[in-house]
Amino acid sequence: MRTVQAIILAAGEGTRMKSELPKVLHPLCGRPMIAYALDLAASAGVKQPVVVLGHGADAVKPRLPKEVKVVIQTKQLGTGDAVISAKRALSGAAGDVMILYADTPLLRRTTVQRFIEAHFKAGATCTLLTAHLADPTGYGRIVRNETGQITGILEENEATVAQRAIREINVGPLICKAPALTAALAAVTPTGPKKELYLTHIISHIAQQEGAKIQAAKVEEISEALGINSRTELSRAIGVIRQRIVDAHLHNGVTIEDPHSTFIDHGVTIGADSVIRPYTVIETGVSIGKRCSVGPFARLRGGVALADDVRVGNFVELVRTKVGARTRMHHMTYLGDAIVEEDVNIGAGTITANYDGKDKHQTHIGKGAFIGSDTVLIAPVKVGAGAVTGAGSVVPKAHDVPAKGVVAGVPARPLNHRPSEKPAEPSAAKVNGHKKTAKAPRKKTARPAVRKALRLKRRPAAKAKPRVKAKARVRVKARPKQKAKRR
Ligand code: UD1
Ligand code: CA
């Protein structure tokens, strides 16, 4: 592919957006609109595109990469005027110049690359990008003569009723030999009530030049032609990009159960055989390993990295959190600024209180830890490998739980055994300073005589419900050793 210089037009006010935010900063799937045009220029081998800014330039400029050359169009006097402003920043008056509009983010790289190739292959003076739309309203119409040669572009406001019926429209990008562009721009005159210089008017001037060749390349897909002028078009464009992102993940071996209710931003990696369940939002910068399950109703925000075989269930929100292999958090959890190692179980309702109103703090959960339901971890705090927090624990900041330690309560204090182990015989009525809570009386069951009278049958032993070992229960007093009464 031959190299070209590129100008990106992004100075317009975007009045129809009715927004305080400059139009080109409106995000589409995690990236501002202008990033798409910059990406197209880069994919065409342009190292230093010239970006024309005007309305909201102060807000847009800091969002641009360092290598772009910024030119300010002081008054937004039309796309032709914007190109005139940009021309002084181009290096040299020779070569070919590609002009891209910052508000057509759906163009594909392959389309733009084909477009440039077509220009050089034909040795054209100027190559346009066009599309045939069922409803061409709002776009510039491509005017051709009887032999099919392009003779000009007419904007909606200057076309006759018959010309408005033309369905071939100007998508926006054009590539032109620099001297022809300069000469044609000099010939363009102000149009309309706002006295604007329309870039599209250069076409009729070039067409009149002896030996000039104007040709059109077509977009691959109609959706690529969409220009964003309003919120309606913005939401339509987001829908198209969203579907493209989903398609790319499906292609890579990811199951997405319902693409219509799955929102994955640009810049997300997902390993093969992972399953993304409905109503899930995955934002830019997230990486998900292989064989993970995410959702339904999960939200993974920036800075989240899941290793392989991680389970993230419903109503789980993660941000700036690394999760180790095989760790699972099935329900209603918020983890922010956390490192969770492998094989951890995060119980329902676990929360990292990572923000103290001023700063954000880290939580570290070691390998194999068991975080009981409804645990609040007040950061900064560490839970050691293999440690356990009891249900409802509030672990205060800096009160790190040691490896294999067991804590419970509010605030959480250490217990001296793991719930899976037989508790040590306690000697006092107090454990770790906590008063023993009264034990619920055993449920009385009908005695045999009563059973008989009531004609109740004793449940066969095999079917009797096994007594569930109460987790984390501390037996303070040993029950008197007597033969267990029949239940
Ligand atoms: C433009 C084209 C139209 C084409 C359509 C495709 C012209 C006159 N018309 O119309 O043929 O079908 O795009 O979407 O070019 N801009 C500046 N400075 C200005 C005015 C605009 O930089 O003074 C920038 C805008 O920020 C925008 C782009 O140029 O990124 C296009 O401007 P816009 O006003 O949206 O043109 P359309 O009316 O959509
Ligand atoms: Ca537009």
# chains A, B, ... in the order shown; residues from 1 in each chain; ligands from 1
call {"tool": "closest_atom_pairs", "arguments": {"of": "chain A", "to": "ligand 1", "cutoff": "8 Å", "atoms": "only C-alpha atoms and all ligand atoms", "output": "CSV"}}
result
residue,atom,partner,partner_atom_place_in_ligand_line,distance
A:Ile8,CA,ligand 1,30 (O),7.7
A:Leu9,CA,ligand 1,22 (O),4.1
A:Ala10,CA,ligand 1,26 (O),3.6
A:Ala11,CA,ligand 1,22 (O),3.5
A:Gly12,CA,ligand 1,26 (O),3.4
A:Glu13,CA,ligand 1,26 (O),6.5
A:Gly14,CA,ligand 1,26 (O),6.7
A:Lys23,CA,ligand 1,26 (O),7.5
A:Val24,CA,ligand 1,26 (O),7.3
A:Val52,CA,ligand 1,22 (O),5.8
A:Leu53,CA,ligand 1,22 (O),6.4
A:Gly54,CA,ligand 1,22 (O),7.0
A:Gln73,CA,ligand 1,18 (N),7.0
A:Lys75,CA,ligand 1,23 (O),6.8
A:Gln76,CA,ligand 1,23 (O),3.3
A:Leu77,CA,ligand 1,23 (O),4.2
A:Gly78,CA,ligand 1,23 (O),3.3
A:Thr79,CA,ligand 1,20 (C),4.4
A:Gly80,CA,ligand 1,15 (O),7.1
A:Asp81,CA,ligand 1,23 (O),6.3
A:Ala82,CA,ligand 1,18 (N),4.8
A:Val83,CA,ligand 1,22 (O),7.8
A:Tyr101,CA,ligand 1,30 (O),4.5
A:Ala102,CA,ligand 1,30 (O),4.1
A:Asp103,CA,ligand 1,30 (O),4.5
A:Thr104,CA,ligand 1,14 (O),6.3
A:Gly138,CA,ligand 1,12 (O),6.9
A:Tyr139,CA,ligand 1,12 (O),3.5
A:Gly140,CA,ligand 1,11 (O),3.4
A:Arg141,CA,ligand 1,11 (O),6.9
A:Ile153,CA,ligand 1,11 (O),6.9
A:Leu154,CA,ligand 1,11 (O),7.2
A:Glu155,CA,ligand 1,11 (O),5.7
A:Ile169,CA,ligand 1,12 (O),5.9
A:Asn170,CA,ligand 1,12 (O),4.2
A:Val171,CA,ligand 1,6 (C),4.7
A:Gly172,CA,ligand 1,6 (C),4.6
A:Glu196,CA,ligand 1,23 (O),7.4
A:Leu197,CA,ligand 1,8 (C),7.5
A:Tyr198,CA,ligand 1,8 (C),4.2
A:Leu199,CA,ligand 1,15 (O),5.1
A:Thr200,CA,ligand 1,15 (O),5.3
A:His201,CA,ligand 1,8 (C),7.7
A:Ala225,CA,ligand 1,14 (O),7.2
A:Leu226,CA,ligand 1,14 (O),6.6
A:Gly227,CA,ligand 1,14 (O),4.0
A:Ile228,CA,ligand 1,14 (O),7.0
A:Asn229,CA,ligand 1,35 (O),5.9
call {"tool": "write_last_selection", "arguments": {"atoms": "C-alpha atoms", "output": "PDB file, in the first residue's frame"}}
result
ATOM      1  CA  ILE A   8      -9.081  14.262   9.981  1.00  0.00           C
ATOM      2  CA  LEU A   9     -11.901  16.794  10.235  1.00  0.00           C
ATOM      3  CA  ALA A  10     -13.113  17.166  13.803  1.00  0.00           C
ATOM      4  CA  ALA A  11     -13.773  20.881  14.308  1.00  0.00           C
ATOM      5  CA  GLY A  12     -17.533  20.968  13.766  1.00  0.00           C
ATOM      6  CA  GLU A  13     -19.872  21.927  16.570  1.00  0.00           C
ATOM      7  CA  GLY A  14     -22.098  18.885  16.310  1.00  0.00           C
ATOM      8  CA  LYS A  23     -19.279  15.365  19.296  1.00  0.00           C
ATOM      9  CA  VAL A  24     -16.021  13.561  18.556  1.00  0.00           C
ATOM     10  CA  VAL A  52      -8.476  19.807  12.587  1.00  0.00           C
ATOM     11  CA  LEU A  53     -10.042  20.927  15.858  1.00  0.00           C
ATOM     12  CA  GLY A  54     -12.247  23.918  16.593  1.00  0.00           C
ATOM     13  CA  GLN A  73      -9.948  26.048  12.624  1.00  0.00           C
ATOM     14  CA  LYS A  75     -14.367  29.590  12.826  1.00  0.00           C
ATOM     15  CA  GLN A  76     -16.265  26.552  11.657  1.00  0.00           C
ATOM     16  CA  LEU A  77     -16.809  27.742   8.115  1.00  0.00           C
ATOM     17  CA  GLY A  78     -17.354  24.350   6.566  1.00  0.00           C
ATOM     18  CA  THR A  79     -15.477  21.203   5.655  1.00  0.00           C
ATOM     19  CA  GLY A  80     -13.684  22.951   2.763  1.00  0.00           C
ATOM     20  CA  ASP A  81     -12.449  25.676   5.096  1.00  0.00           C
ATOM     21  CA  ALA A  82     -11.312  23.005   7.579  1.00  0.00           C
ATOM     22  CA  VAL A  83      -9.148  21.375   4.894  1.00  0.00           C
ATOM     23  CA  TYR A 101     -14.412  12.848   8.703  1.00  0.00           C
ATOM     24  CA  ALA A 102     -14.219  12.185  12.430  1.00  0.00           C
ATOM     25  CA  ASP A 103     -17.942  11.424  12.571  1.00  0.00           C
ATOM     26  CA  THR A 104     -18.007   8.253  10.441  1.00  0.00           C
ATOM     27  CA  GLY A 138     -28.982  14.097   4.843  1.00  0.00           C
ATOM     28  CA  TYR A 139     -26.023  12.908   2.777  1.00  0.00           C
ATOM     29  CA  GLY A 140     -24.322  14.528  -0.204  1.00  0.00           C
ATOM     30  CA  ARG A 141     -25.560  12.944  -3.464  1.00  0.00           C
ATOM     31  CA  ILE A 153     -21.518  16.181  -5.193  1.00  0.00           C
ATOM     32  CA  LEU A 154     -24.664  18.018  -4.180  1.00  0.00           C
ATOM     33  CA  GLU A 155     -25.623  18.525  -0.566  1.00  0.00           C
ATOM     34  CA  ILE A 169     -24.188   9.103  -1.445  1.00  0.00           C
ATOM     35  CA  ASN A 170     -20.868  10.587  -0.375  1.00  0.00           C
ATOM     36  CA  VAL A 171     -19.643   8.610   2.655  1.00  0.00           C
ATOM     37  CA  GLY A 172     -17.078  11.317   3.383  1.00  0.00           C
ATOM     38  CA  GLU A 196     -19.663  27.801   4.343  1.00  0.00           C
ATOM     39  CA  LEU A 197     -17.019  26.345   2.069  1.00  0.00           C
ATOM     40  CA  TYR A 198     -18.107  22.824   1.221  1.00  0.00           C
ATOM     41  CA  LEU A 199     -15.289  20.349   0.638  1.00  0.00           C
ATOM     42  CA  THR A 200     -17.658  18.453  -1.634  1.00  0.00           C
ATOM     43  CA  HIS A 201     -17.618  21.358  -4.093  1.00  0.00           C
ATOM     44  CA  ALA A 225     -21.590   4.811   5.638  1.00  0.00           C
ATOM     45  CA  LEU A 226     -23.408   5.976   8.764  1.00  0.00           C
ATOM     46  CA  GLY A 227     -22.408   9.515   9.725  1.00  0.00           C
ATOM     47  CA  ILE A 228     -23.074  10.495  13.355  1.00  0.00           C
ATOM     48  CA  ASN A 229     -24.897  13.786  13.647  1.00  0.00           C
TER      49      ASN A 229
END
call {"tool": "residues_around", "arguments": {"residues": "segment 208-218 of chain A", "least_positions_apart": "6", "cutoff": "8 Å", "atoms": "only C-alpha atoms", "output": "PyMOL selection string"}}
result
chain A and resi 115+118-119+123-131+149-150
call {"tool": "write_last_selection", "arguments": {"atoms": "N, CA and C atoms", "output": "short mmCIF file (atom, residue, chain, number, x, y, z; two decimals), in the first residue's frame"}}
result
data_model
loop_
_atom_site.label_atom_id
_atom_site.label_comp_id
_atom_site.auth_asym_id
_atom_site.auth_seq_id
_atom_site.Cartn_x
_atom_site.Cartn_y
_atom_site.Cartn_z
N PHE A 115 -9.80 1.29 -0.61
CA PHE A 115 -10.07 2.61 -1.18
C PHE A 115 -8.76 3.27 -1.63
N ALA A 118 -7.33 1.34 -4.59
CA ALA A 118 -8.07 1.65 -5.82
C ALA A 118 -7.62 2.98 -6.40
N HIS A 119 -7.33 3.93 -5.53
CA HIS A 119 -6.89 5.26 -5.97
C HIS A 119 -5.58 5.16 -6.74
N GLY A 123 -4.64 5.35 -10.84
CA GLY A 123 -3.94 6.62 -11.10
C GLY A 123 -4.92 7.78 -11.10
N ALA A 124 -5.90 7.73 -10.18
CA ALA A 124 -6.96 8.74 -10.16
C ALA A 124 -6.46 10.07 -9.60
N THR A 125 -7.09 11.14 -10.04
CA THR A 125 -6.82 12.45 -9.45
C THR A 125 -7.49 12.49 -8.07
N CYS A 126 -8.71 11.94 -8.06
CA CYS A 126 -9.48 11.97 -6.82
C CYS A 126 -10.35 10.72 -6.73
N THR A 127 -10.33 10.07 -5.56
CA THR A 127 -11.19 8.91 -5.35
C THR A 127 -12.12 9.18 -4.18
N LEU A 128 -13.40 8.92 -4.40
CA LEU A 128 -14.41 9.13 -3.36
C LEU A 128 -14.82 7.77 -2.82
N LEU A 129 -15.44 7.80 -1.65
CA LEU A 129 -16.01 6.57 -1.11
C LEU A 129 -17.53 6.77 -1.11
N THR A 130 -18.24 5.86 -1.75
CA THR A 130 -19.69 6.03 -1.87
C THR A 130 -20.45 4.79 -1.40
N ALA A 131 -21.75 4.97 -1.22
CA ALA A 131 -22.62 3.86 -0.83
C ALA A 131 -23.99 4.11 -1.45
N GLN A 149 -19.77 9.20 -15.57
CA GLN A 149 -18.65 9.91 -14.93
C GLN A 149 -19.16 10.79 -13.79
N ILE A 150 -18.42 10.84 -12.70
CA ILE A 150 -18.81 11.70 -11.57
C ILE A 150 -18.53 13.15 -11.96
#
call {"tool": "closest_residue", "arguments": {"among": "A:Leu90, A:Arg291, A:Glu233, A:Lys47", "to": "ligand 2", "atoms": "only C-alpha atoms and all ligand atoms"}}
result
A:Glu233
call {"tool": "select_by_dssp", "arguments": {"residues": "segment 90-130 of chain A", "states": "strand (DSSP E)", "output": "PyMOL selection string"}}
result
chain A and resi 96-101+126-130
call {"tool": "residues_around", "arguments": {"residues": "segment 314-323 of chain A", "least_positions_apart": "3", "cutoff": "6 Å", "atoms": "only C-alpha atoms", "output": "PyMOL selection string"}}
result
chain A and resi 295-306+331-341
call {"tool": "write_last_selection", "arguments": {"atoms": "C-alpha atoms", "output": "short mmCIF file (atom, residue, chain, number, x, y, z; two decimals), in the first residue's frame"}}
result
data_model
loop_
_atom_site.label_atom_id
_atom_site.label_comp_id
_atom_site.auth_asym_id
_atom_site.auth_seq_id
_atom_site.Cartn_x
_atom_site.Cartn_y
_atom_site.Cartn_z
CA GLY A 295 -22.84 -13.44 34.22
CA PRO A 296 -25.77 -13.29 33.96
CA PHE A 297 -25.96 -9.67 35.18
CA ALA A 298 -22.25 -9.16 35.79
CA ARG A 299 -20.25 -5.99 35.26
CA LEU A 300 -16.51 -6.13 34.71
CA ARG A 301 -14.90 -2.71 34.62
CA GLY A 302 -11.46 -1.43 33.65
CA GLY A 303 -8.39 -3.14 35.04
CA VAL A 304 -10.04 -6.52 35.61
CA ALA A 305 -8.08 -9.65 34.71
CA LEU A 306 -9.57 -13.08 35.26
CA HIS A 331 -23.56 -13.97 43.68
CA MET A 332 -23.89 -10.29 44.61
CA THR A 333 -20.32 -9.18 45.13
CA TYR A 334 -18.32 -5.98 44.69
CA LEU A 335 -14.55 -6.20 44.50
CA GLY A 336 -12.57 -3.05 43.73
CA ASP A 337 -8.78 -2.64 43.75
CA ALA A 338 -8.31 -6.24 44.79
CA ILE A 339 -5.95 -9.09 44.14
CA VAL A 340 -7.64 -12.41 44.62
CA GLU A 341 -5.41 -15.43 44.23
#
call {"tool": "closest_residue", "arguments": {"among": "A:Arg16, A:Arg413, A:Arg277, A:Arg63", "to": "ligand 2", "atoms": "only C-alpha atoms and all ligand atoms"}}
result
A:Arg16
call {"tool": "atom_distance", "arguments": {"atom1": "atom CA of Gln243 of chain A", "atom2": "atom CA of Leu100 of chain A"}}
result
23.5 Å
call {"tool": "closest_residue", "arguments": {"among": "A:Glu146, A:Asp39, A:Gly45, A:Ala165", "to": "Pro65 of chain A", "atoms": "only C-alpha atoms"}}
result
A:Asp39
call {"tool": "select_by_dssp", "arguments": {"residues": "segment 148-260 of chain A", "states": "alpha helix (DSSP H)", "output": "JSON, numbers by chain"}}
result
{"A": [161, 162, 163, 164, 178, 179, 180, 181, 182, 183, 184, 185, 186, 187, 202, 203, 204, 205, 206, 207, 208, 231, 232, 233, 234, 235, 236, 237, 238, 239, 240, 241, 242, 243, 244, 245, 246, 247, 248, 249, 250, 251]}
call {"tool": "residues_around", "arguments": {"residues": "segment 2-6 of chain A", "least_positions_apart": "6", "cutoff": "9 Å", "atoms": "only C-alpha atoms", "output": "PyMOL selection string"}}
result
chain A and resi 41+44-51+90-91+95-100+116-117+120+175
call {"tool": "write_last_selection", "arguments": {"atoms": "N, CA and C atoms", "output": "tab-separated table (two decimals), in the first residue's frame"}}
result
chain	number	residue	atom	x	y	z
A	41	ALA	N	-6.62	5.99	10.07
A	41	ALA	CA	-5.44	6.63	9.50
A	41	ALA	C	-4.21	5.77	9.78
A	44	ALA	N	-3.86	2.83	7.66
A	44	ALA	CA	-3.47	3.17	6.29
A	44	ALA	C	-1.99	3.58	6.24
A	45	GLY	N	-1.30	3.36	7.35
A	45	GLY	CA	0.14	3.63	7.39
A	45	GLY	C	0.48	5.09	7.64
A	46	VAL	N	-0.51	5.89	8.07
A	46	VAL	CA	-0.24	7.32	8.32
A	46	VAL	C	0.33	7.46	9.73
A	47	LYS	N	1.54	8.01	9.81
A	47	LYS	CA	2.19	8.12	11.13
A	47	LYS	C	1.79	9.40	11.86
A	48	GLN	N	1.64	10.47	11.11
A	48	GLN	CA	1.34	11.77	11.74
A	48	GLN	C	0.13	12.42	11.10
A	49	PRO	N	-1.08	11.99	11.42
A	49	PRO	CA	-2.24	12.63	10.79
A	49	PRO	C	-2.40	14.07	11.30
A	50	VAL	N	-2.99	14.88	10.45
A	50	VAL	CA	-3.30	16.26	10.85
A	50	VAL	C	-4.76	16.26	11.30
A	51	VAL	N	-5.01	16.66	12.55
A	51	VAL	CA	-6.38	16.67	13.06
A	51	VAL	C	-6.84	18.12	13.18
A	90	LEU	N	0.56	20.10	6.40
A	90	LEU	CA	1.00	18.93	5.62
A	90	LEU	C	2.46	19.12	5.24
A	91	SER	N	3.17	18.02	5.14
A	91	SER	CA	4.58	18.16	4.76
A	91	SER	C	4.70	18.09	3.24
A	95	GLY	N	2.38	14.64	-3.53
A	95	GLY	CA	1.80	13.41	-2.96
A	95	GLY	C	0.29	13.40	-2.98
A	96	ASP	N	-0.27	12.47	-2.22
A	96	ASP	CA	-1.72	12.29	-2.17
A	96	ASP	C	-2.21	12.49	-0.74
A	97	VAL	N	-3.34	13.13	-0.62
A	97	VAL	CA	-3.88	13.45	0.70
A	97	VAL	C	-5.22	12.74	0.89
A	98	MET	N	-5.35	12.06	2.01
A	98	MET	CA	-6.64	11.42	2.32
A	98	MET	C	-7.33	12.28	3.37
A	99	ILE	N	-8.61	12.55	3.15
A	99	ILE	CA	-9.39	13.32	4.12
A	99	ILE	C	-10.43	12.39	4.74
A	100	LEU	N	-10.43	12.35	6.07
A	100	LEU	CA	-11.42	11.53	6.78
A	100	LEU	C	-12.26	12.43	7.66
A	116	ILE	N	-7.75	3.20	-0.76
A	116	ILE	CA	-6.44	3.79	-1.11
A	116	ILE	C	-5.82	3.02	-2.28
A	117	GLU	N	-5.89	1.69	-2.20
A	117	GLU	CA	-5.33	0.87	-3.29
A	117	GLU	C	-6.00	1.21	-4.62
A	120	PHE	N	-4.62	4.46	-6.15
A	120	PHE	CA	-3.31	4.37	-6.81
A	120	PHE	C	-3.36	3.48	-8.04
A	175	ILE	N	-9.68	10.86	-1.33
A	175	ILE	CA	-8.23	10.90	-1.47
A	175	ILE	C	-7.94	11.61	-2.79
call {"tool": "closest_residue", "arguments": {"among": "A:Ser235, A:Thr74, A:Thr151, A:Thr137", "to": "Cys29 of chain A", "atoms": "only C-alpha atoms"}}
result
A:Ser235
call {"tool": "atom_distance", "arguments": {"atom1": "atom CA of Leu250 of chain A", "atom2": "atom CA of Tyr279 of chain A"}}
result
16.6 Å
call {"tool": "closest_residue", "arguments": {"among": "A:Gly239, A:Gly390, A:Gly271, A:Pro380", "to": "Asn252 of chain A", "atoms": "only C-alpha atoms"}}
result
A:Gly271
call {"tool": "closest_residue", "arguments": {"among": "A:Asn345, A:Leu234, A:Ala57, A:Pro62", "to": "ligand 2", "atoms": "only C-alpha atoms and all ligand atoms"}}
result
A:Leu234
call {"tool": "decode", "arguments": {"residues": "segment 82-102 of chain A", "atoms": "N, CA and C atoms", "output": "PDB file, in the first residue's frame"}}
result
ATOM      1  N   ALA A  82     -12.094  23.828   6.636  1.00  0.00           N
ATOM      2  CA  ALA A  82     -11.312  23.005   7.579  1.00  0.00           C
ATOM      3  C   ALA A  82     -10.091  22.411   6.878  1.00  0.00           C
ATOM      4  N   VAL A  83     -10.281  21.961   5.633  1.00  0.00           N
ATOM      5  CA  VAL A  83      -9.148  21.375   4.894  1.00  0.00           C
ATOM      6  C   VAL A  83      -8.134  22.462   4.547  1.00  0.00           C
ATOM      7  N   ILE A  84      -8.611  23.660   4.221  1.00  0.00           N
ATOM      8  CA  ILE A  84      -7.691  24.776   3.942  1.00  0.00           C
ATOM      9  C   ILE A  84      -6.826  25.041   5.189  1.00  0.00           C
ATOM     10  N   SER A  85      -7.455  25.019   6.379  1.00  0.00           N
ATOM     11  CA  SER A  85      -6.700  25.231   7.627  1.00  0.00           C
ATOM     12  C   SER A  85      -5.630  24.166   7.805  1.00  0.00           C
ATOM     13  N   ALA A  86      -5.971  22.947   7.408  1.00  0.00           N
ATOM     14  CA  ALA A  86      -5.061  21.821   7.662  1.00  0.00           C
ATOM     15  C   ALA A  86      -3.890  21.772   6.702  1.00  0.00           C
ATOM     16  N   LYS A  87      -4.070  22.355   5.515  1.00  0.00           N
ATOM     17  CA  LYS A  87      -3.071  22.152   4.460  1.00  0.00           C
ATOM     18  C   LYS A  87      -1.689  22.670   4.838  1.00  0.00           C
ATOM     19  N   ARG A  88      -1.660  23.731   5.640  1.00  0.00           N
ATOM     20  CA  ARG A  88      -0.339  24.272   6.007  1.00  0.00           C
ATOM     21  C   ARG A  88       0.446  23.314   6.902  1.00  0.00           C
ATOM     22  N   ALA A  89      -0.255  22.389   7.542  1.00  0.00           N
ATOM     23  CA  ALA A  89       0.449  21.440   8.416  1.00  0.00           C
ATOM     24  C   ALA A  89       0.940  20.210   7.657  1.00  0.00           C
ATOM     25  N   LEU A  90       0.556  20.099   6.400  1.00  0.00           N
ATOM     26  CA  LEU A  90       0.997  18.935   5.622  1.00  0.00           C
ATOM     27  C   LEU A  90       2.458  19.124   5.244  1.00  0.00           C
ATOM     28  N   SER A  91       3.166  18.021   5.136  1.00  0.00           N
ATOM     29  CA  SER A  91       4.580  18.158   4.764  1.00  0.00           C
ATOM     30  C   SER A  91       4.703  18.090   3.244  1.00  0.00           C
ATOM     31  N   GLY A  92       4.934  19.212   2.628  1.00  0.00           N
ATOM     32  CA  GLY A  92       5.124  19.277   1.181  1.00  0.00           C
ATOM     33  C   GLY A  92       3.816  19.389   0.417  1.00  0.00           C
ATOM     34  N   ALA A  93       3.908  19.933  -0.774  1.00  0.00           N
ATOM     35  CA  ALA A  93       2.715  20.167  -1.586  1.00  0.00           C
ATOM     36  C   ALA A  93       2.458  19.032  -2.564  1.00  0.00           C
ATOM     37  N   ALA A  94       3.343  18.023  -2.539  1.00  0.00           N
ATOM     38  CA  ALA A  94       3.166  16.914  -3.487  1.00  0.00           C
ATOM     39  C   ALA A  94       2.466  15.737  -2.805  1.00  0.00           C
ATOM     40  N   GLY A  95       2.376  14.637  -3.527  1.00  0.00           N
ATOM     41  CA  GLY A  95       1.796  13.412  -2.955  1.00  0.00           C
ATOM     42  C   GLY A  95       0.289  13.403  -2.978  1.00  0.00           C
ATOM     43  N   ASP A  96      -0.274  12.467  -2.216  1.00  0.00           N
ATOM     44  CA  ASP A  96      -1.724  12.285  -2.168  1.00  0.00           C
ATOM     45  C   ASP A  96      -2.209  12.488  -0.741  1.00  0.00           C
ATOM     46  N   VAL A  97      -3.342  13.131  -0.623  1.00  0.00           N
ATOM     47  CA  VAL A  97      -3.883  13.452   0.699  1.00  0.00           C
ATOM     48  C   VAL A  97      -5.223  12.737   0.888  1.00  0.00           C
ATOM     49  N   MET A  98      -5.347  12.055   2.005  1.00  0.00           N
ATOM     50  CA  MET A  98      -6.639  11.423   2.323  1.00  0.00           C
ATOM     51  C   MET A  98      -7.332  12.280   3.374  1.00  0.00           C
ATOM     52  N   ILE A  99      -8.612  12.546   3.145  1.00  0.00           N
ATOM     53  CA  ILE A  99      -9.387  13.319   4.121  1.00  0.00           C
ATOM     54  C   ILE A  99     -10.431  12.391   4.742  1.00  0.00           C
ATOM     55  N   LEU A 100     -10.427  12.351   6.067  1.00  0.00           N
ATOM     56  CA  LEU A 100     -11.416  11.528   6.785  1.00  0.00           C
ATOM     57  C   LEU A 100     -12.261  12.434   7.658  1.00  0.00           C
ATOM     58  N   TYR A 101     -13.547  12.116   7.782  1.00  0.00           N
ATOM     59  CA  TYR A 101     -14.412  12.848   8.703  1.00  0.00           C
ATOM     60  C   TYR A 101     -14.399  12.100  10.032  1.00  0.00           C
ATOM     61  N   ALA A 102     -14.292  12.843  11.121  1.00  0.00           N
ATOM     62  CA  ALA A 102     -14.219  12.185  12.430  1.00  0.00           C
ATOM     63  C   ALA A 102     -15.563  11.612  12.871  1.00  0.00           C
TER      64      ALA A 102
END
